[in-house]
Amino acid sequence: MSPDSLTFIFLNTVLANNFVLAMFLGLCPFLGVSGRLDTAIPMGIATTFVMLVSSVCAYAINQVLVAFDIEFLRLISYIAIIASAVQLVEMGLKKYSPSLFRSLGIFLPLITTNCAILGVALFQTFRDYDFSQSLVYAFGAGVGFTLAIALMAGLREKLELSQLPSVTQGAALSLMLGGMLSLTFMGFAGLGGGHG
Amino acid sequence: MGLLQQLRRGSFRHGIHPPANKQVTAAQPIRRLAFAERLVIPLGQHIGRPSRALVRKGQEVVRGQPIAAADGFVSVPIHAPATGRIHDIRLMPTARGELSESIVLDVYKADTQEVRWREPVAAPNTLTPEQIVQAVQAIGMVGLGGAAFPSHVKLSPPDDKPVDTLVVNGCECEPYLSCDHRVMLERPRDLIRGIELAMRAAGVERAIIGIEDNKLDAVAVLQDALRDNPCIRARAVETKYPQGSEKMLIKSLTGQEVPAGGLPADIGIIVNNVGTLAAIGRLLPRGEGLTERVVTVTGPGVARPGNYIVPLGTPIGFVLQQVGHQGTHTDFVLGGPMMGPSVSDLRTPITKGTSGLLVLNDSEVLKETRRIWPCIKCGQCVSACPMHLNPAQLGQLAVKREFTRMADEYHLNDCFECGCCAYTCPSNIPLVQHFRVAKAYNREHAA
Amino acid sequence: MTRKTDTQITWKTFSEGLWANNPVFVMLLGMCPTLAVTNSAINALAMGLATTFVLLASGLLVSLLARYIPKQVRIATYIVIIATFVTMIDYIIQAISLDLYNALGAFIQLIVVNCIILGRAEAYASKHRPAKAVLNALGMGAGFTLALLCLGLVREILGSGSVFGVDLFGPAFQPWVIMTLPPGGFLVLGAWLLLFDWFRLRRQQKETVTGGQSDVA
Amino acid sequence: MNEAQQAMQPPRASSTLMMIVLNGIAMLAGFLVVMTSQLTAPRIAENQRIAIEQAVSKVIPGATRHREFHLGKDGLRSEPGADTTTIYAGYDDQDHLLGVAARAAAQGYADMIYLLYGYDPTCQCIRGIKVLKFAETPGLGDKITHDAAFQSNFDALDARLAPDGQGLAHAIAKVKHGTKQHDWEIDAISGATISSTAVGKALNQSAQALLPQLLPHLQELRATEKRP
Amino acid sequence: MSKPTIELRATPHIHAPHDVVKIMRNVVFASLPMAAWSIWSYGLSALLLMLAVVASCLLTERLFNRHNNTLGDWSTSITGILLFLTLPPGFPAWMGMLAGFIAIGMGKVMFGGLGMNVFNPALIGRAFVQAAFPVAITTWIPAFFEGRFTRLIPSTLTPPFTIPPETAAWSQQVAVDAFTGATPLAVQKFDHVAAPALHLLTGTTAGSLGEGSALIILACGLYLALRRILDWRIPLAVMAGTWPSAELFHWIDPGVYPDGLFMLLSGGLMPGAWFMATDMVGSPVTPRGVVIYGLLIGIVTVVIRLFGGLTEGVMYAILLGNAATPPDR
Ligand SMILES: Cc1cc2nc3c(=O)[nH]c(=O)nc-3n(C[C@H](O)[C@H](O)[C@H](O)COP(=O)(O)O)c2cc1C
Ligand SMILES: Cc1cc2nc3c(=O)[nH]c(=O)nc-3n(C[C@H](O)[C@H](O)[C@H](O)COP(=O)(O)O)c2cc1C
Ligand SMILES: Cc1cc2nc3c(=O)[nH]c(=O)nc-3n(C[C@H](O)[C@H](O)[C@H](O)COP(=O)(O)O)c2cc1C
Ligand SMILES: Cc1cc2nc3c(=O)[nH]c(=O)nc-3n(C[C@H](O)[C@H](O)[C@H](O)CO)c2cc1C
Ligand code: SF4
Ligand code: SF4
Ligand code: SF4
Ligand code: SF4
Ligand code: FES
């Protein structure tokens, strides 16, 4: 599989280089909003959505920046554009699909400023992805994030019924769980890579 | 529980196979037990409103005489189990755990104790359905299978729920018990008469007697007696606990499922225990009240186990004295080992719903004093639960006192406390106990 | 927006971020850079200093300008300010060492979204005088750097057998590769938190002398 | 975060002060950023140059200076174009062309492996590689950067062109550890077969594409020899 | 008749004869033949490693669980033995002990002990050392080497925290003809030569200590399945996930991808399916959940083996299965 192919980019971002478990992006929601499956999954979906939006925005704005040779404004413009785009999307949702807004809307402002979103924008730029690659990359990142946060939420829900020792009841447990999940995802390392 | 077996014999999914321990008692004919000096007759022996006492302290009564009257439709009268004098009417311990209003009767020792009081009845085959229902109530019949639900109520289904099938429950799936087995062997005529009366009363055309296949002799006896009666069939079903639970038995015999939270009547079926129908068949034509019942007295702690006809109200202490018992740690169980409650007070009386008196002594009792481990998620309970619940999850929720979640998300209220889950649990988690607490809590907080 | 009247500068202004409200260990903020770049002590230090710089500069600017910034665009303005300083430090690190820049990767730019910085700008700097804001930012930055170093040191010692690149144990040492890999980040931070929780519980147990309650049910 | 939401909404109180402040901040931000980027630009460029120089001198033994070219379909250019490949020509002190360095990349065990390799036109072989960026496992895959035995594969890795000039005579490929027989084979590192394979793959892909394009222009590179 | 103590008990008054201790003890017994085979194949080194790993597990459990005695339930010993079986022969004892410490400390005690963990403790231990010491854990020693009962593999007694010595040369020197140090999976993956099924069945190939003979594993697993100690659906579902997916790829390109039987019999699939996927603590409780879980493990294993960077994927697949086990139903 060629490392530039869309399938590879997708699988690689979802599994081998999972945004959360291997790239350390989006950890705040991963640790903070993974208490219950029924919030984690909408959170994941909302994040995926915002990633797609910001990927498109970042791709467009980067074309402009490169054209005018003002790359030093990249960070500032990315963050401003992403924030406003998400804001627009949120307002649009509220107006045209109130039901969708109710399920995803509460997460949108939370997501605007997290590293995973900006990470998608920055990494796709660093990797010189073209438009379709960028989109697939953003989608893969979102799916990977959703997968990780859903697994985490499932585990934490299960543990809710355990009699945990008092030492491990806090955030430490979440981190340890994250570590073990990350260990598990190491199994996917080299997926599609050049063996044989 | 292969599929083939299920097709051949009829069965339900899940359930357990505890050792039956029935051989000793099932092999012996029913015997009669002596009268105790003093009988304790609770007014609330059945489900529904307790009966109303008709007698006063000091009054003399003869055997068979009504001493308490039905209080409303879902209630039955009580008849004096022996000739004697009313000692008192007061609170006494009962199998239900709490103290309840009971008639205490001093038995005349010298009396022959024949039934001296009968309501005159017409020939049974001339009775209308209404008259049968009335008569069933008048003789104080309740379900002898354990639930003690007034039988006449079952036999008069509401008009909007027509019934077409009578399922006769001869499973006796609880280990140790064999009273129904003996009744089927020894009183098939009474049983068939009772079935016919019940069919007429409820207006059904068809009756099926379901009997676990460890009692094939009973199947044979009944099939023989029913040779020229096409409406009543006797069928063997798989020996498996809780085959005798009405929902399971209906599934095994007819393939139909009683909807969750519903009653058999919802799918046109009524279920009665063989003991109940045999008693109706025997007592109703004579106009006699229910004054005694067959009780299996057994267990490792009993010296002379067997099936005994015991006058209602006999304290278990007296029964035990008669049959002899031993052991330094004893667990007295009223009913079968899976669902019967433990009693600690030897004055507790045998009542209409008592099918067995089981004495578990040291070997069994100490074995039960086992360490409780955390749930290891082995799933044994899940594959045992006949209601297809998830006892493991329920149990964990119960520990965290998430009682409402248990009911709302995990169908706690479908659990009928059969005990299969707790029986199989390798961690010895007292699941049924957890569920009882949860249900009680939910009931209290429902208001 | 009421400006706090107390202008007293105390030790606590500084030390709050160092320990009691340590952004990583106590508030669990800025997790991504914390875990991503701490596979060696030098990276941890560089990241900590870079973040401190942004905290400090943005804190100062926000504190100076706060009273002139209209409420409606407050956050947007802060973000722009922060992004400016992040861009600056990004270039500065490139100028200092390309190797370091490559090791830290995009995480320098991701300081922009580090919750600590916006949180401090919003919750502290905008409500305090510049001197206090700077001192507090310094404390927070020091606390962040300290936490990163805690992680970076453990991960480098176990993962490479060295401290700041200086070999500790000689060539026979078997490195624990996992420590430099992603799971190591999670596990080491988890272990630190466990350790702190354990100490905290022990102290609590000593304080409230209750019956020896066992940890494990 | 809620305020973030609020803040994004169109300002209600549109006062001139607000405009001034906003503009002021934007200008300040722009000023700071531009200033920094201007101030650091020379240092950064110098850093990059040093990095490249070091890399080039490693993959082209003996090279002391290098020049950057951009190879496209229409030949060598000094400015990068849309479809050009950057190459570095390495010269010794006497300005003799020693070799040409180019980048190559392939998917390794954990992520992409980026390499610089040096091609020596005299021996028609690859004279050295330098791993620029990688994320292989320390202790295993990272041996490609420093394992002496592995590096010695590239002392003279055969990269002759096929007679038709359209590709390599022998594809560069890794073979299992200890089974190298030909000059165009790469002896894999035992325990890091995947990383070794990636190196082989990267070199092969790049050389197959680049060398046929490059060789016709070697003279041009040499032509610069005499120029200072 | 003396007055008896009357016990008041909740229903049911009788209980099935099994309990946790008996179940665990049976699993220990069932895993011993595999351990014995590994000791037969690799000699003293294997024995020593086993003792070290099990002792480390027991000590860790004791260390963290001083209040109630949890050593008696045998489950810790199972973790130890199974962990040992997943390690390569010649694995340094100190690394084995670290794995045991991590398995019990991080994989089990941290969650509250028996029954509370969400991941398979033994595999957490294994995954940790695999990521920590990737070289040591992919160093294979040929089975039945000469003098295995009189001398140790040089790496076994590596001093703590130091790099184990190279064993490649040593292996060649002591190898009995026809036994090589490369695992069948690696040989298949990199050279596309599949080992014959007979060798895999009888365990004359190199590999982890427990993956020697598929026949013995199968027998031990069947024993547990017949005694209803493990849920037979899990190993069947794992194999049902593995075989068809492997056959599918084999059908697409027989030259590169091995056939289903090879997939089933090679590597850790057998012990994984019968002994590790079946650890009920981390697996679903409902029959339907169990089948999905098994299929997932089987398919992920094939994907990792065929397309991943690693030659073996069973461990990661099971851990993923554990993680994906839903919280209820
Ligand atoms: C991107 C993101 C950032 C967050 N940042 C913070 C934070 O800075 N502080 C915080 O307390 N919670 C943070 N959270 C966690 C959620 O807001 C969490 O639901 C909330 O703190 C719960 O508070 P409550 O239980 O008091 O309602 C964040 C969550 C997300 C998704
Ligand atoms: C777990 C369980 C097991 C039961 N087993 C039997 C049984 O074996 N035989 C029986 O007659 N009734 C059994 N019952 C009671 C039946 O469900 C049903 O109530 C009874 O057959 C009705 O007949 P009756 O009213 O004549 O007693 C059982 C109930 C439960 C909940
Ligand atoms: C934690 C871990 C990290 C690994 N890292 C690498 C790596 O960086 N490069 C590599 O080629 N293989 C890596 N591997 C893969 C194995 O070593 C694989 O078995 C090996 O590449 C097979 O090659 P061999 O046939 O030469 O032993 C890694 C394996 C593990 C468990
Ligand atoms: C069938 C069966 C399989 C088991 N497999 C494992 C295993 O793979 N790893 C392990 O640590 N414990 C295993 N155990 C033991 C036990 O379940 C384990 O220690 C618990 O996970 C600890 O909570 C197994 C137990 C049984 C009954
Ligand atoms: S507990 Fe048993 S006997 Fe009592 S009502 Fe329920 S099913 Fe009937
Ligand atoms: S007592 Fe109840 S459970 Fe037991 S056999 Fe009779 S009906 Fe069935
Ligand atoms: S007691 Fe309730 S939960 Fe348990 S097996 Fe019976 S019905 Fe199911
Ligand atoms: S049988 Fe007991 S240990 Fe097993 S899952 Fe059910 S509750 Fe848990
Ligand atoms: S630091 Fe990454 S999401 Fe907060």
# chains A, B, ... in the order shown; residues from 1 in each chain; ligands from 1
call {"tool": "select_by_dssp", "arguments": {"residues": "region 191-305 of chain B", "states": "alpha helix (DSSP H)", "output": "ChimeraX atom specification"}}
result
/B:191-202,216-225,246-254,274-283
call {"tool": "write_last_selection", "arguments": {"atoms": "N, CA and C atoms", "output": "short mmCIF file (atom, residue, chain, number, x, y, z; two decimals), in the first residue's frame"}}
result
data_model
loop_
_atom_site.label_atom_id
_atom_site.label_comp_id
_atom_site.auth_asym_id
_atom_site.auth_seq_id
_atom_site.Cartn_x
_atom_site.Cartn_y
_atom_site.Cartn_z
N LEU B 191 -57.54 -36.41 40.75
CA LEU B 191 -56.90 -35.38 39.92
C LEU B 191 -57.72 -35.15 38.65
N ILE B 192 -58.12 -36.26 38.01
CA ILE B 192 -58.83 -36.10 36.74
C ILE B 192 -60.19 -35.46 37.00
N ARG B 193 -60.83 -35.87 38.11
CA ARG B 193 -62.10 -35.22 38.42
C ARG B 193 -61.90 -33.72 38.62
N GLY B 194 -60.85 -33.38 39.33
CA GLY B 194 -60.56 -31.97 39.57
C GLY B 194 -60.31 -31.23 38.27
N ILE B 195 -59.55 -31.88 37.37
CA ILE B 195 -59.27 -31.22 36.09
C ILE B 195 -60.56 -30.97 35.33
N GLU B 196 -61.43 -31.99 35.35
CA GLU B 196 -62.68 -31.84 34.60
C GLU B 196 -63.53 -30.70 35.19
N LEU B 197 -63.56 -30.64 36.51
CA LEU B 197 -64.32 -29.56 37.14
C LEU B 197 -63.73 -28.20 36.75
N ALA B 198 -62.42 -28.12 36.82
CA ALA B 198 -61.77 -26.83 36.50
C ALA B 198 -62.03 -26.45 35.06
N MET B 199 -61.98 -27.46 34.15
CA MET B 199 -62.22 -27.15 32.74
C MET B 199 -63.64 -26.62 32.55
N ARG B 200 -64.60 -27.26 33.23
CA ARG B 200 -65.98 -26.78 33.09
C ARG B 200 -66.10 -25.37 33.65
N ALA B 201 -65.46 -25.17 34.80
CA ALA B 201 -65.60 -23.86 35.44
C ALA B 201 -65.03 -22.75 34.55
N ALA B 202 -63.87 -23.01 33.97
CA ALA B 202 -63.23 -21.96 33.20
C ALA B 202 -63.67 -21.97 31.75
N LEU B 216 -41.69 -40.58 35.05
CA LEU B 216 -42.41 -41.21 33.95
C LEU B 216 -43.49 -42.16 34.44
N ASP B 217 -43.29 -42.68 35.68
CA ASP B 217 -44.33 -43.57 36.21
C ASP B 217 -45.63 -42.80 36.38
N ALA B 218 -45.53 -41.54 36.81
CA ALA B 218 -46.74 -40.74 36.96
C ALA B 218 -47.36 -40.47 35.59
N VAL B 219 -46.52 -40.22 34.59
CA VAL B 219 -47.04 -40.00 33.25
C VAL B 219 -47.82 -41.23 32.80
N ALA B 220 -47.22 -42.40 33.05
CA ALA B 220 -47.86 -43.63 32.62
C ALA B 220 -49.19 -43.82 33.32
N VAL B 221 -49.22 -43.63 34.64
CA VAL B 221 -50.45 -43.80 35.40
C VAL B 221 -51.53 -42.88 34.84
N LEU B 222 -51.17 -41.62 34.59
CA LEU B 222 -52.19 -40.69 34.13
C LEU B 222 -52.63 -40.99 32.71
N GLN B 223 -51.65 -41.33 31.86
CA GLN B 223 -52.04 -41.64 30.48
C GLN B 223 -52.98 -42.84 30.46
N ASP B 224 -52.71 -43.78 31.36
CA ASP B 224 -53.56 -44.95 31.45
C ASP B 224 -54.98 -44.53 31.87
N ALA B 225 -55.04 -43.68 32.88
CA ALA B 225 -56.34 -43.26 33.39
C ALA B 225 -57.08 -42.38 32.39
N GLU B 246 -44.76 -21.35 35.93
CA GLU B 246 -45.81 -21.44 34.92
C GLU B 246 -45.36 -20.93 33.55
N LYS B 247 -44.56 -19.89 33.56
CA LYS B 247 -44.13 -19.35 32.27
C LYS B 247 -43.28 -20.37 31.50
N MET B 248 -42.40 -21.04 32.24
CA MET B 248 -41.53 -22.02 31.60
C MET B 248 -42.35 -23.20 31.10
N LEU B 249 -43.28 -23.64 31.94
CA LEU B 249 -44.05 -24.82 31.58
C LEU B 249 -44.91 -24.53 30.35
N ILE B 250 -45.49 -23.35 30.31
CA ILE B 250 -46.32 -23.00 29.15
C ILE B 250 -45.47 -23.01 27.90
N LYS B 251 -44.24 -22.46 28.02
CA LYS B 251 -43.34 -22.45 26.88
C LYS B 251 -43.03 -23.88 26.44
N SER B 252 -42.77 -24.73 27.41
CA SER B 252 -42.39 -26.10 27.08
C SER B 252 -43.55 -26.86 26.45
N LEU B 253 -44.75 -26.65 26.95
CA LEU B 253 -45.87 -27.46 26.48
C LEU B 253 -46.50 -26.89 25.21
N THR B 254 -46.61 -25.58 25.14
CA THR B 254 -47.35 -25.00 24.02
C THR B 254 -46.46 -24.18 23.11
N VAL B 274 -51.00 -29.80 40.26
CA VAL B 274 -51.72 -31.08 40.35
C VAL B 274 -52.33 -31.27 41.73
N GLY B 275 -51.58 -30.87 42.76
CA GLY B 275 -52.11 -31.01 44.12
C GLY B 275 -53.40 -30.22 44.29
N THR B 276 -53.42 -29.03 43.74
CA THR B 276 -54.62 -28.20 43.84
C THR B 276 -55.81 -28.91 43.20
N LEU B 277 -55.59 -29.38 41.98
CA LEU B 277 -56.72 -29.98 41.25
C LEU B 277 -57.14 -31.30 41.87
N ALA B 278 -56.17 -32.07 42.37
CA ALA B 278 -56.53 -33.32 43.04
C ALA B 278 -57.36 -33.01 44.27
N ALA B 279 -56.99 -31.95 44.97
CA ALA B 279 -57.75 -31.60 46.17
C ALA B 279 -59.16 -31.16 45.80
N ILE B 280 -59.27 -30.38 44.71
CA ILE B 280 -60.61 -29.98 44.27
C ILE B 280 -61.43 -31.21 43.92
N GLY B 281 -60.81 -32.12 43.16
CA GLY B 281 -61.52 -33.31 42.73
C GLY B 281 -61.98 -34.17 43.89
N ARG B 282 -61.22 -34.14 44.97
CA ARG B 282 -61.56 -34.97 46.10
C ARG B 282 -62.56 -34.28 47.02
N LEU B 283 -62.32 -32.99 47.28
CA LEU B 283 -63.10 -32.31 48.32
C LEU B 283 -64.42 -31.76 47.81
#
call {"tool": "residues_near_ligand", "arguments": {"ligand": "ligand 4", "cutoff": "7 Å", "atoms": "only C-alpha atoms and all ligand atoms", "output": "number ranges by chain"}}
result
B: 376; E: 23-24, 27, 75-76, 78-79, 82, 108, 113-117, 120-123, 229-230, 275-282
call {"tool": "write_last_selection", "arguments": {"atoms": "N, CA, C and O atoms", "output": "mmCIF file, in the first residue's frame"}}
result
data_model
loop_
_atom_site.group_PDB
_atom_site.id
_atom_site.type_symbol
_atom_site.label_atom_id
_atom_site.label_comp_id
_atom_site.auth_asym_id
_atom_site.auth_seq_id
_atom_site.Cartn_x
_atom_site.Cartn_y
_atom_site.Cartn_z
ATOM 1 N N ILE B 376 -16.769 -12.630 38.879
ATOM 2 C CA ILE B 376 -15.692 -12.780 37.898
ATOM 3 C C ILE B 376 -16.231 -12.766 36.476
ATOM 4 O O ILE B 376 -15.550 -13.163 35.549
ATOM 5 N N ILE E 23 -12.576 -23.630 40.093
ATOM 6 C CA ILE E 23 -12.404 -23.297 38.674
ATOM 7 C C ILE E 23 -10.958 -22.921 38.392
ATOM 8 O O ILE E 23 -10.313 -23.445 37.492
ATOM 9 N N MET E 24 -10.448 -22.027 39.235
ATOM 10 C CA MET E 24 -9.085 -21.558 39.000
ATOM 11 C C MET E 24 -8.090 -22.709 39.139
ATOM 12 O O MET E 24 -7.139 -22.815 38.375
ATOM 13 N N VAL E 27 -7.943 -24.635 36.062
ATOM 14 C CA VAL E 27 -7.223 -23.989 34.969
ATOM 15 C C VAL E 27 -5.719 -24.148 35.183
ATOM 16 O O VAL E 27 -4.967 -24.398 34.242
ATOM 17 N N SER E 75 -5.888 -17.749 41.156
ATOM 18 C CA SER E 75 -5.980 -16.990 39.907
ATOM 19 C C SER E 75 -4.653 -16.299 39.612
ATOM 20 O O SER E 75 -4.270 -16.144 38.455
ATOM 21 N N THR E 76 -3.959 -15.897 40.661
ATOM 22 C CA THR E 76 -2.658 -15.261 40.449
ATOM 23 C C THR E 76 -1.676 -16.245 39.813
ATOM 24 O O THR E 76 -0.888 -15.886 38.941
ATOM 25 N N ILE E 78 -2.481 -18.614 37.867
ATOM 26 C CA ILE E 78 -2.836 -18.738 36.444
ATOM 27 C C ILE E 78 -2.191 -17.610 35.658
ATOM 28 O O ILE E 78 -1.557 -17.826 34.629
ATOM 29 N N THR E 79 -2.356 -16.408 36.174
ATOM 30 C CA THR E 79 -1.757 -15.267 35.489
ATOM 31 C C THR E 79 -0.272 -15.518 35.276
ATOM 32 O O THR E 79 0.256 -15.319 34.183
ATOM 33 N N LEU E 82 0.347 -18.407 32.665
ATOM 34 C CA LEU E 82 0.002 -18.022 31.297
ATOM 35 C C LEU E 82 0.960 -16.942 30.787
ATOM 36 O O LEU E 82 1.363 -16.960 29.625
ATOM 37 N N LYS E 108 -4.162 -5.914 37.478
ATOM 38 C CA LYS E 108 -5.188 -6.512 38.320
ATOM 39 C C LYS E 108 -5.423 -5.736 39.609
ATOM 40 O O LYS E 108 -6.517 -5.221 39.836
ATOM 41 N N GLY E 113 -8.441 -5.972 42.143
ATOM 42 C CA GLY E 113 -8.210 -7.390 42.340
ATOM 43 C C GLY E 113 -9.107 -8.280 41.516
ATOM 44 O O GLY E 113 -9.687 -7.850 40.527
ATOM 45 N N LEU E 114 -9.199 -9.504 41.967
ATOM 46 C CA LEU E 114 -9.893 -10.540 41.205
ATOM 47 C C LEU E 114 -11.252 -10.066 40.712
ATOM 48 O O LEU E 114 -12.061 -9.541 41.466
ATOM 49 N N GLY E 115 -11.479 -10.274 39.444
ATOM 50 C CA GLY E 115 -12.803 -9.998 38.888
ATOM 51 C C GLY E 115 -13.048 -8.550 38.522
ATOM 52 O O GLY E 115 -14.028 -8.239 37.870
ATOM 53 N N MET E 116 -12.172 -7.654 38.939
ATOM 54 C CA MET E 116 -12.442 -6.235 38.698
ATOM 55 C C MET E 116 -11.687 -5.702 37.486
ATOM 56 O O MET E 116 -12.011 -4.636 36.977
ATOM 57 N N ASN E 117 -10.676 -6.432 37.061
ATOM 58 C CA ASN E 117 -9.843 -5.905 35.996
ATOM 59 C C ASN E 117 -10.604 -5.882 34.676
ATOM 60 O O ASN E 117 -11.553 -6.622 34.482
ATOM 61 N N ASN E 120 -6.908 -8.411 30.311
ATOM 62 C CA ASN E 120 -6.294 -9.653 30.747
ATOM 63 C C ASN E 120 -4.934 -9.340 31.382
ATOM 64 O O ASN E 120 -4.032 -8.855 30.705
ATOM 65 N N PRO E 121 -4.780 -9.598 32.664
ATOM 66 C CA PRO E 121 -3.546 -9.181 33.351
ATOM 67 C C PRO E 121 -2.297 -9.775 32.727
ATOM 68 O O PRO E 121 -1.298 -9.060 32.528
ATOM 69 N N ALA E 122 -2.342 -11.049 32.400
ATOM 70 C CA ALA E 122 -1.142 -11.674 31.849
ATOM 71 C C ALA E 122 -0.730 -10.971 30.563
ATOM 72 O O ALA E 122 0.454 -10.726 30.331
ATOM 73 N N LEU E 123 -1.699 -10.625 29.763
ATOM 74 C CA LEU E 123 -1.362 -9.994 28.486
ATOM 75 C C LEU E 123 -0.910 -8.557 28.677
ATOM 76 O O LEU E 123 -0.100 -8.051 27.900
ATOM 77 N N ILE E 229 -15.653 -25.108 32.304
ATOM 78 C CA ILE E 229 -14.937 -24.063 33.014
ATOM 79 C C ILE E 229 -14.687 -22.902 32.084
ATOM 80 O O ILE E 229 -14.731 -21.754 32.474
ATOM 81 N N LEU E 230 -14.453 -23.205 30.846
ATOM 82 C CA LEU E 230 -14.366 -22.088 29.921
ATOM 83 C C LEU E 230 -15.533 -22.166 28.964
ATOM 84 O O LEU E 230 -16.125 -23.209 28.740
ATOM 85 N N PHE E 275 -7.027 -20.190 26.234
ATOM 86 C CA PHE E 275 -6.720 -19.845 27.620
ATOM 87 C C PHE E 275 -6.805 -18.362 27.932
ATOM 88 O O PHE E 275 -7.019 -17.982 29.070
ATOM 89 N N MET E 276 -6.598 -17.526 26.944
ATOM 90 C CA MET E 276 -6.520 -16.104 27.273
ATOM 91 C C MET E 276 -7.746 -15.321 26.847
ATOM 92 O O MET E 276 -8.217 -14.477 27.572
ATOM 93 N N ALA E 277 -8.262 -15.635 25.682
ATOM 94 C CA ALA E 277 -9.513 -14.973 25.311
ATOM 95 C C ALA E 277 -10.617 -15.424 26.251
ATOM 96 O O ALA E 277 -11.594 -14.721 26.461
ATOM 97 N N THR E 278 -10.452 -16.610 26.827
ATOM 98 C CA THR E 278 -11.523 -17.168 27.657
ATOM 99 C C THR E 278 -11.511 -16.636 29.080
ATOM 100 O O THR E 278 -12.399 -16.998 29.843
ATOM 101 N N ASP E 279 -10.511 -15.860 29.437
ATOM 102 C CA ASP E 279 -10.547 -15.284 30.779
ATOM 103 C C ASP E 279 -11.839 -14.488 30.905
ATOM 104 O O ASP E 279 -12.032 -13.477 30.245
ATOM 105 N N MET E 280 -12.733 -14.987 31.746
ATOM 106 C CA MET E 280 -14.086 -14.416 31.733
ATOM 107 C C MET E 280 -14.120 -12.992 32.241
ATOM 108 O O MET E 280 -15.028 -12.246 31.915
ATOM 109 N N VAL E 281 -13.112 -12.629 33.034
ATOM 110 C CA VAL E 281 -13.178 -11.292 33.617
ATOM 111 C C VAL E 281 -13.199 -10.215 32.535
ATOM 112 O O VAL E 281 -13.896 -9.220 32.660
ATOM 113 N N GLY E 282 -12.463 -10.459 31.476
ATOM 114 C CA GLY E 282 -12.409 -9.434 30.444
ATOM 115 C C GLY E 282 -13.322 -9.695 29.264
ATOM 116 O O GLY E 282 -13.365 -8.913 28.334
#
call {"tool": "residues_near_ligand", "arguments": {"ligand": "ligand 8", "cutoff": "6 Å", "atoms": "only C-alpha atoms and all ligand atoms", "output": "JSON, numbers by chain"}}
result
{"B": [375, 376, 377, 378, 379, 380, 381, 391, 392, 424, 425, 426, 427, 429]}
call {"tool": "interface_residues", "arguments": {"of": "chain A", "to": "chain E", "cutoff": "8 Å", "atoms": "only C-alpha atoms", "output": "MDAnalysis selection string"}}
result
chainID A and resid 151:152 154:155 157:159 162:165 168 180:181 183:196
call {"tool": "residues_near_ligand", "arguments": {"ligand": "ligand 9", "cutoff": "7 Å", "atoms": "only C-alpha atoms and all ligand atoms", "output": "PyMOL selection string"}}
result
(chain A and resi 25-29+114-116) or (chain C and resi 29-33+113-115)
call {"tool": "interface_residues", "arguments": {"of": "chain D", "to": "chain E", "cutoff": "10 Å", "atoms": "only C-alpha atoms", "output": "MDAnalysis selection string"}}
result
chainID D and resid 108:110 137:140 175:176 190:195
call {"tool": "write_last_selection", "arguments": {"atoms": "C-alpha atoms", "output": "mmCIF file, in the first residue's frame"}}
result
data_model
loop_
_atom_site.group_PDB
_atom_site.id
_atom_site.type_symbol
_atom_site.label_atom_id
_atom_site.label_comp_id
_atom_site.auth_asym_id
_atom_site.auth_seq_id
_atom_site.Cartn_x
_atom_site.Cartn_y
_atom_site.Cartn_z
ATOM 1 C CA GLY D 108 8.720 2.393 7.921
ATOM 2 C CA TYR D 109 7.585 0.529 10.988
ATOM 3 C CA ALA D 110 5.955 3.388 12.830
ATOM 4 C CA THR D 137 11.596 1.946 17.704
ATOM 5 C CA PRO D 138 14.684 2.719 19.719
ATOM 6 C CA GLY D 139 16.803 -0.379 19.925
ATOM 7 C CA LEU D 140 15.315 -1.928 16.819
ATOM 8 C CA VAL D 175 17.653 -9.281 1.550
ATOM 9 C CA LYS D 176 17.455 -11.261 4.736
ATOM 10 C CA SER D 190 18.081 -8.719 12.031
ATOM 11 C CA GLY D 191 15.111 -7.742 14.161
ATOM 12 C CA ALA D 192 14.401 -4.660 12.117
ATOM 13 C CA THR D 193 13.555 -6.168 8.799
ATOM 14 C CA ILE D 194 10.724 -3.751 8.290
ATOM 15 C CA SER D 195 12.806 -0.652 8.764
#
